[in-house]
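Worksheet for the structure shown next.
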Amino acid sequence: MLKISNLNVSIQSVDILRDVSIQVDTASMAGLVGRNGAGKTTLIKSVMGILKPKSGTIEFDGVDLIQTPVNLRNRLGIGYMPEDRRLIPDLTVEENILVPAWANEQIDAHKRLGYVYDLIPELRAFAPRRGQQLSGGQQKLVALGRALMIGSKLLLLDEPFEGVAPALAQRLAEVISRLQTEGMAVIFSESDLQYSEHLVQKVYSIDRGAVTERPLKPRL
Ligand SMILES: Nc1ncnc2c1ncn2[C@@H]1O[C@H](COP(=O)(O)OP(=O)(O)OP(=O)(O)O)[C@@H](O)[C@H]1O
């Protein structure tokens with residue numbers, strides 16, 4: 001379970017996140033919804049240890065993440081899909097997916113790769129292609145696969161549907177919905193819930209760095 005309490009984050013002395021509290025349970029999904037510049041990426045980067053909070057706590061499965069070095073997050077089973085994908089253009093799709101496994105000297109990398117391919121069969125078909133030969137949406141699928149290599153317990157997905165054609169966005173939503181049934185906690189940011197309203201157990205609205213939990217729309 002991810003538990004963020006009273007988190008405050010400043011960048012260059014400007015307060016960006018204000019007293020943010022969020023909880024995402026095991027095998028559940030939370031959407032973080034807000035406009036450009038609201039603070040979604042800042043929150044995700046704080047959980048990943050890329051930004052250092054001014055105050056507050058971030059706990060994952062009882063571990064104090066603020067005191068945990070960035071590289072050790074991988075060993076806790078935390079995966080991250082950045083908004084800008086960050087594929088290495090000259091590497092093949094398979095090599096891109098394997099990058100975190102190499103970086104972490106993951107022993108069961110090929111077994112995990114098989115699991116990722118079973119979850120997202122398109123990646124098997126793309127495997128020999130270079131990152132630069134894929135569309136933006138296909139690259140998002142690869143970035144999700146890469147995050148899944150080590151993200152076995154918690155996945156942080158920054159705007160996974162942004163700029164993706166509708167058919168591929170639906171496909172991404174389908175894959176993401178499977179993750180919950182695999183027991184993962186997932187938090188993803190979006191500017192609206194166009195593709196994911198039906199996936200989430202919780203919706204958090206973020207506005208100028210302040211977060212409030214929003215009631216879910218009744219499901220018909
Ligand atoms: N490196 C930085 N230096 C200064 N200000 C920053 C920096 N990074 C983010 N900010 C500011 O922090 C605020 C939150 O930015 P953030 O990227 O978290 O928003 P976001 O909700 O993810 O937006 P988007 O949907 O555009 O990615 C913005 O006002 C932004 O200008």
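So you can find residues: chains in the structure tokens are A, B, ... in the order shown, residues in each start at 1, and ligands are numbered from 1 in order.
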
Within 12 Å of ligand 1, counting only C-alpha atoms and all ligand atoms, residues as a ChimeraX atom specification: /A:9-18,32-46,50-51,82-84,157-163,188-192,205-211

How would the residues just chosen look if you wrote them out with N, CA and C atoms as a CSV table (one decimal), in the first residue's frame?
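Final file, again.csv:
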```csv
chain,number,residue,atom,x,y,z
A,9,VAL,N,6.1,19.9,-1.3
A,9,VAL,CA,7.3,19.9,-2.2
A,9,VAL,C,7.5,21.3,-2.8
A,10,SER,N,8.7,21.8,-2.7
A,10,SER,CA,9.0,23.1,-3.3
A,10,SER,C,10.0,22.9,-4.4
A,11,ILE,N,9.9,23.7,-5.5
A,11,ILE,CA,11.0,23.7,-6.5
A,11,ILE,C,11.5,25.1,-6.6
A,12,GLN,N,12.8,25.2,-6.4
A,12,GLN,CA,13.4,26.6,-6.5
A,12,GLN,C,12.6,27.5,-5.6
A,13,SER,N,12.4,27.1,-4.4
A,13,SER,CA,11.7,27.9,-3.3
A,13,SER,C,10.2,28.3,-3.7
A,14,VAL,N,9.7,27.7,-4.7
A,14,VAL,CA,8.3,27.9,-5.0
A,14,VAL,C,7.5,26.7,-4.5
A,15,ASP,N,6.5,26.9,-3.7
A,15,ASP,CA,5.7,25.7,-3.2
A,15,ASP,C,4.9,25.1,-4.3
A,16,ILE,N,5.1,23.9,-4.6
A,16,ILE,CA,4.4,23.2,-5.8
A,16,ILE,C,3.3,22.3,-5.2
A,17,LEU,N,3.7,21.4,-4.3
A,17,LEU,CA,2.7,20.5,-3.7
A,17,LEU,C,2.4,21.0,-2.3
A,18,ARG,N,1.1,21.0,-1.9
A,18,ARG,CA,0.7,21.6,-0.6
A,18,ARG,C,-0.1,20.6,0.2
A,32,LEU,N,-5.1,10.3,-10.8
A,32,LEU,CA,-4.7,11.7,-10.4
A,32,LEU,C,-5.0,12.6,-11.5
A,33,VAL,N,-6.0,13.5,-11.3
A,33,VAL,CA,-6.5,14.2,-12.4
A,33,VAL,C,-6.3,15.7,-12.2
A,34,GLY,N,-5.8,16.4,-13.2
A,34,GLY,CA,-5.6,17.8,-13.0
A,34,GLY,C,-5.0,18.4,-14.3
A,35,ARG,N,-5.2,19.7,-14.4
A,35,ARG,CA,-4.7,20.4,-15.6
A,35,ARG,C,-3.2,20.5,-15.7
A,36,ASN,N,-2.7,21.0,-16.9
A,36,ASN,CA,-1.3,21.2,-17.1
A,36,ASN,C,-0.8,22.1,-16.0
A,37,GLY,N,0.3,21.7,-15.4
A,37,GLY,CA,1.0,22.5,-14.4
A,37,GLY,C,0.4,22.3,-13.0
A,38,ALA,N,-0.6,21.4,-12.8
A,38,ALA,CA,-1.3,21.3,-11.5
A,38,ALA,C,-0.4,20.6,-10.5
A,39,GLY,N,0.6,19.8,-10.9
A,39,GLY,CA,1.5,19.2,-10.0
A,39,GLY,C,1.6,17.7,-10.0
A,40,LYS,N,1.0,17.1,-11.1
A,40,LYS,CA,0.9,15.6,-11.2
A,40,LYS,C,2.3,15.0,-11.3
A,41,THR,N,3.1,15.5,-12.2
A,41,THR,CA,4.4,15.0,-12.4
A,41,THR,C,5.3,15.2,-11.2
A,42,THR,N,5.1,16.3,-10.5
A,42,THR,CA,5.9,16.6,-9.3
A,42,THR,C,5.6,15.6,-8.2
A,43,LEU,N,4.3,15.2,-8.1
A,43,LEU,CA,3.9,14.2,-7.1
A,43,LEU,C,4.5,12.8,-7.4
A,44,ILE,N,4.4,12.4,-8.7
A,44,ILE,CA,5.0,11.1,-9.1
A,44,ILE,C,6.5,11.1,-8.9
A,45,LYS,N,7.1,12.2,-9.3
A,45,LYS,CA,8.6,12.3,-9.1
A,45,LYS,C,9.0,12.2,-7.7
A,46,SER,N,8.2,12.8,-6.8
A,46,SER,CA,8.5,12.8,-5.4
A,46,SER,C,8.4,11.3,-4.9
A,50,ILE,N,12.9,11.4,-7.2
A,50,ILE,CA,13.6,12.3,-8.1
A,50,ILE,C,13.6,13.7,-7.5
A,51,LEU,N,12.5,14.0,-6.8
A,51,LEU,CA,12.4,15.3,-6.1
A,51,LEU,C,12.3,15.0,-4.6
A,82,PRO,N,7.5,7.3,-17.3
A,82,PRO,CA,7.6,8.8,-17.4
A,82,PRO,C,6.7,9.3,-18.5
A,83,GLU,N,6.2,10.5,-18.4
A,83,GLU,CA,5.3,11.1,-19.3
A,83,GLU,C,6.0,11.1,-20.7
A,84,ASP,N,7.3,11.4,-20.8
A,84,ASP,CA,7.9,11.5,-22.1
A,84,ASP,C,8.5,10.2,-22.6
A,157,LEU,N,2.3,5.7,-13.3
A,157,LEU,CA,2.2,6.0,-14.8
A,157,LEU,C,1.8,7.5,-15.0
A,158,ASP,N,2.7,8.2,-15.6
A,158,ASP,CA,2.5,9.6,-15.8
A,158,ASP,C,1.9,9.9,-17.2
A,159,GLU,N,0.6,10.2,-17.2
A,159,GLU,CA,-0.1,10.5,-18.4
A,159,GLU,C,0.0,9.4,-19.5
A,160,PRO,N,-0.4,8.2,-19.2
A,160,PRO,CA,-0.2,7.1,-20.1
A,160,PRO,C,-1.0,7.3,-21.4
A,161,PHE,N,-2.1,8.0,-21.3
A,161,PHE,CA,-3.0,8.1,-22.5
A,161,PHE,C,-2.8,9.4,-23.3
A,162,GLU,N,-1.9,10.3,-22.8
A,162,GLU,CA,-1.7,11.6,-23.4
A,162,GLU,C,-1.1,11.5,-24.8
A,163,GLY,N,-1.8,12.1,-25.8
A,163,GLY,CA,-1.3,12.1,-27.2
A,163,GLY,C,-1.3,10.8,-27.9
A,188,PHE,N,-2.1,6.6,-11.7
A,188,PHE,CA,-1.8,7.2,-13.0
A,188,PHE,C,-2.4,8.6,-13.1
A,189,SER,N,-1.7,9.5,-13.8
A,189,SER,CA,-2.1,10.8,-13.9
A,189,SER,C,-2.8,11.0,-15.3
A,190,GLU,N,-3.7,12.0,-15.3
A,190,GLU,CA,-4.4,12.3,-16.6
A,190,GLU,C,-4.9,13.7,-16.5
A,191,SER,N,-5.2,14.3,-17.6
A,191,SER,CA,-5.9,15.6,-17.6
A,191,SER,C,-7.4,15.4,-17.4
A,192,ASP,N,-7.9,14.3,-17.9
A,192,ASP,CA,-9.3,13.9,-17.5
A,192,ASP,C,-9.4,12.4,-17.5
A,205,SER,N,-8.4,14.7,-7.3
A,205,SER,CA,-8.2,15.9,-8.2
A,205,SER,C,-7.0,16.7,-7.6
A,206,ILE,N,-6.2,17.2,-8.5
A,206,ILE,CA,-5.1,18.1,-8.1
A,206,ILE,C,-5.2,19.4,-8.8
A,207,ASP,N,-5.2,20.4,-8.0
A,207,ASP,CA,-5.3,21.8,-8.5
A,207,ASP,C,-4.3,22.7,-7.8
A,208,ARG,N,-3.5,23.3,-8.5
A,208,ARG,CA,-2.4,24.1,-8.0
A,208,ARG,C,-1.7,23.5,-6.7
A,209,GLY,N,-1.4,22.2,-6.9
A,209,GLY,CA,-0.7,21.5,-5.9
A,209,GLY,C,-1.4,21.0,-4.7
A,210,ALA,N,-2.8,21.2,-4.7
A,210,ALA,CA,-3.6,20.7,-3.6
A,210,ALA,C,-4.4,19.6,-4.1
A,211,VAL,N,-4.5,18.5,-3.3
A,211,VAL,CA,-5.2,17.3,-3.7
A,211,VAL,C,-6.5,17.1,-2.9
```

Selection: 10 Å around A:Gln133, only C-alpha atoms, excl. self and same-chain fewer than 5 positions, as a PDB file with C-alpha atoms, in the first residue's frame:
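As a result, part.pdb now contains:
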```
ATOM      1  CA  PRO A  89      16.027   5.424 -30.018  1.00  0.00           C
ATOM      2  CA  ASP A  90      18.870   3.216 -31.276  1.00  0.00           C
ATOM      3  CA  THR A  92      15.494  -2.338 -30.077  1.00  0.00           C
ATOM      4  CA  VAL A  93      12.165  -2.550 -28.284  1.00  0.00           C
ATOM      5  CA  PHE A 126       7.664  -5.062 -31.977  1.00  0.00           C
ATOM      6  CA  GLN A 138       3.399   2.274 -29.525  1.00  0.00           C
ATOM      7  CA  GLN A 139       6.289   3.823 -27.601  1.00  0.00           C
TER       8      GLN A 139
END
```

A:Ala125 proximity check over A:Glu94, A:Glu105, A:Glu59, A:Glu174, using only C-alpha atoms: winner is A:Glu94

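Atom CA of A:Gln23 lies 20.6 Å from atom CA of A:Val70.
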
How many Å lie between atom CA of A:Gln180 and atom CA of A:Ile22, rounded to one decimal? 17.8 Å

Just the residues within 8 Å of A:Gly137, please, counting only C-alpha atoms, with nothing from its chain fewer than 3 positions along; format it as number ranges by chain. A: 134, 140-141, 163-165, 168-169

Would you mind exporting the chosen residues as a compact mmCIF listing (two decimals), in the first residue's frame, restricted to N, CA and C atoms?
```txt
# COMPACT_ATOMS: atom_id res chain seq x y z
N LEU A 134 8.84 3.41 -33.94
CA LEU A 134 7.47 3.22 -33.44
C LEU A 134 6.73 4.55 -33.35
N LYS A 140 4.52 4.31 -26.00
CA LYS A 140 3.94 4.30 -24.65
C LYS A 140 3.77 2.85 -24.17
N LEU A 141 3.34 1.96 -25.08
CA LEU A 141 3.21 0.54 -24.71
C LEU A 141 4.57 -0.02 -24.28
N GLY A 163 -1.78 12.08 -25.79
CA GLY A 163 -1.28 12.10 -27.17
C GLY A 163 -1.34 10.77 -27.88
N VAL A 164 -2.14 9.83 -27.38
CA VAL A 164 -2.22 8.51 -28.00
C VAL A 164 -3.54 8.41 -28.77
N ALA A 165 -3.49 7.84 -29.97
CA ALA A 165 -4.71 7.68 -30.78
C ALA A 165 -5.73 6.83 -30.01
N LEU A 168 -5.43 2.92 -29.61
CA LEU A 168 -4.29 2.50 -28.79
C LEU A 168 -4.50 2.87 -27.33
N ALA A 169 -5.17 4.01 -27.10
CA ALA A 169 -5.47 4.42 -25.71
C ALA A 169 -6.39 3.38 -25.05
```

Determine which residues of stretch 6-212 of chain A DSSP labels as strand (DSSP E) from the backbone of this structure, then write them out as a VMD selection string. chain A and resid 6 to 11 14 to 24 28 to 33 55 to 60 63 to 64 78 to 81 154 to 157 185 to 190 202 to 207 210 to 212

Within stretch 10-213 of chain A, find each residue whose DSSP state, derived from the backbone, is helix (DSSP H, G or I), and express the selection as a PyMOL selection string. chain A and resi 40-48+65-67+72-75+93-103+109-119+121-126+131-133+136-150+166-181

As a ChimeraX atom specification, please: the residues near A:Asn71 (cut-off 10 Å, only C-alpha atoms, same-chain neighbours under 5 positions excluded). /A:48-49,76,103-104
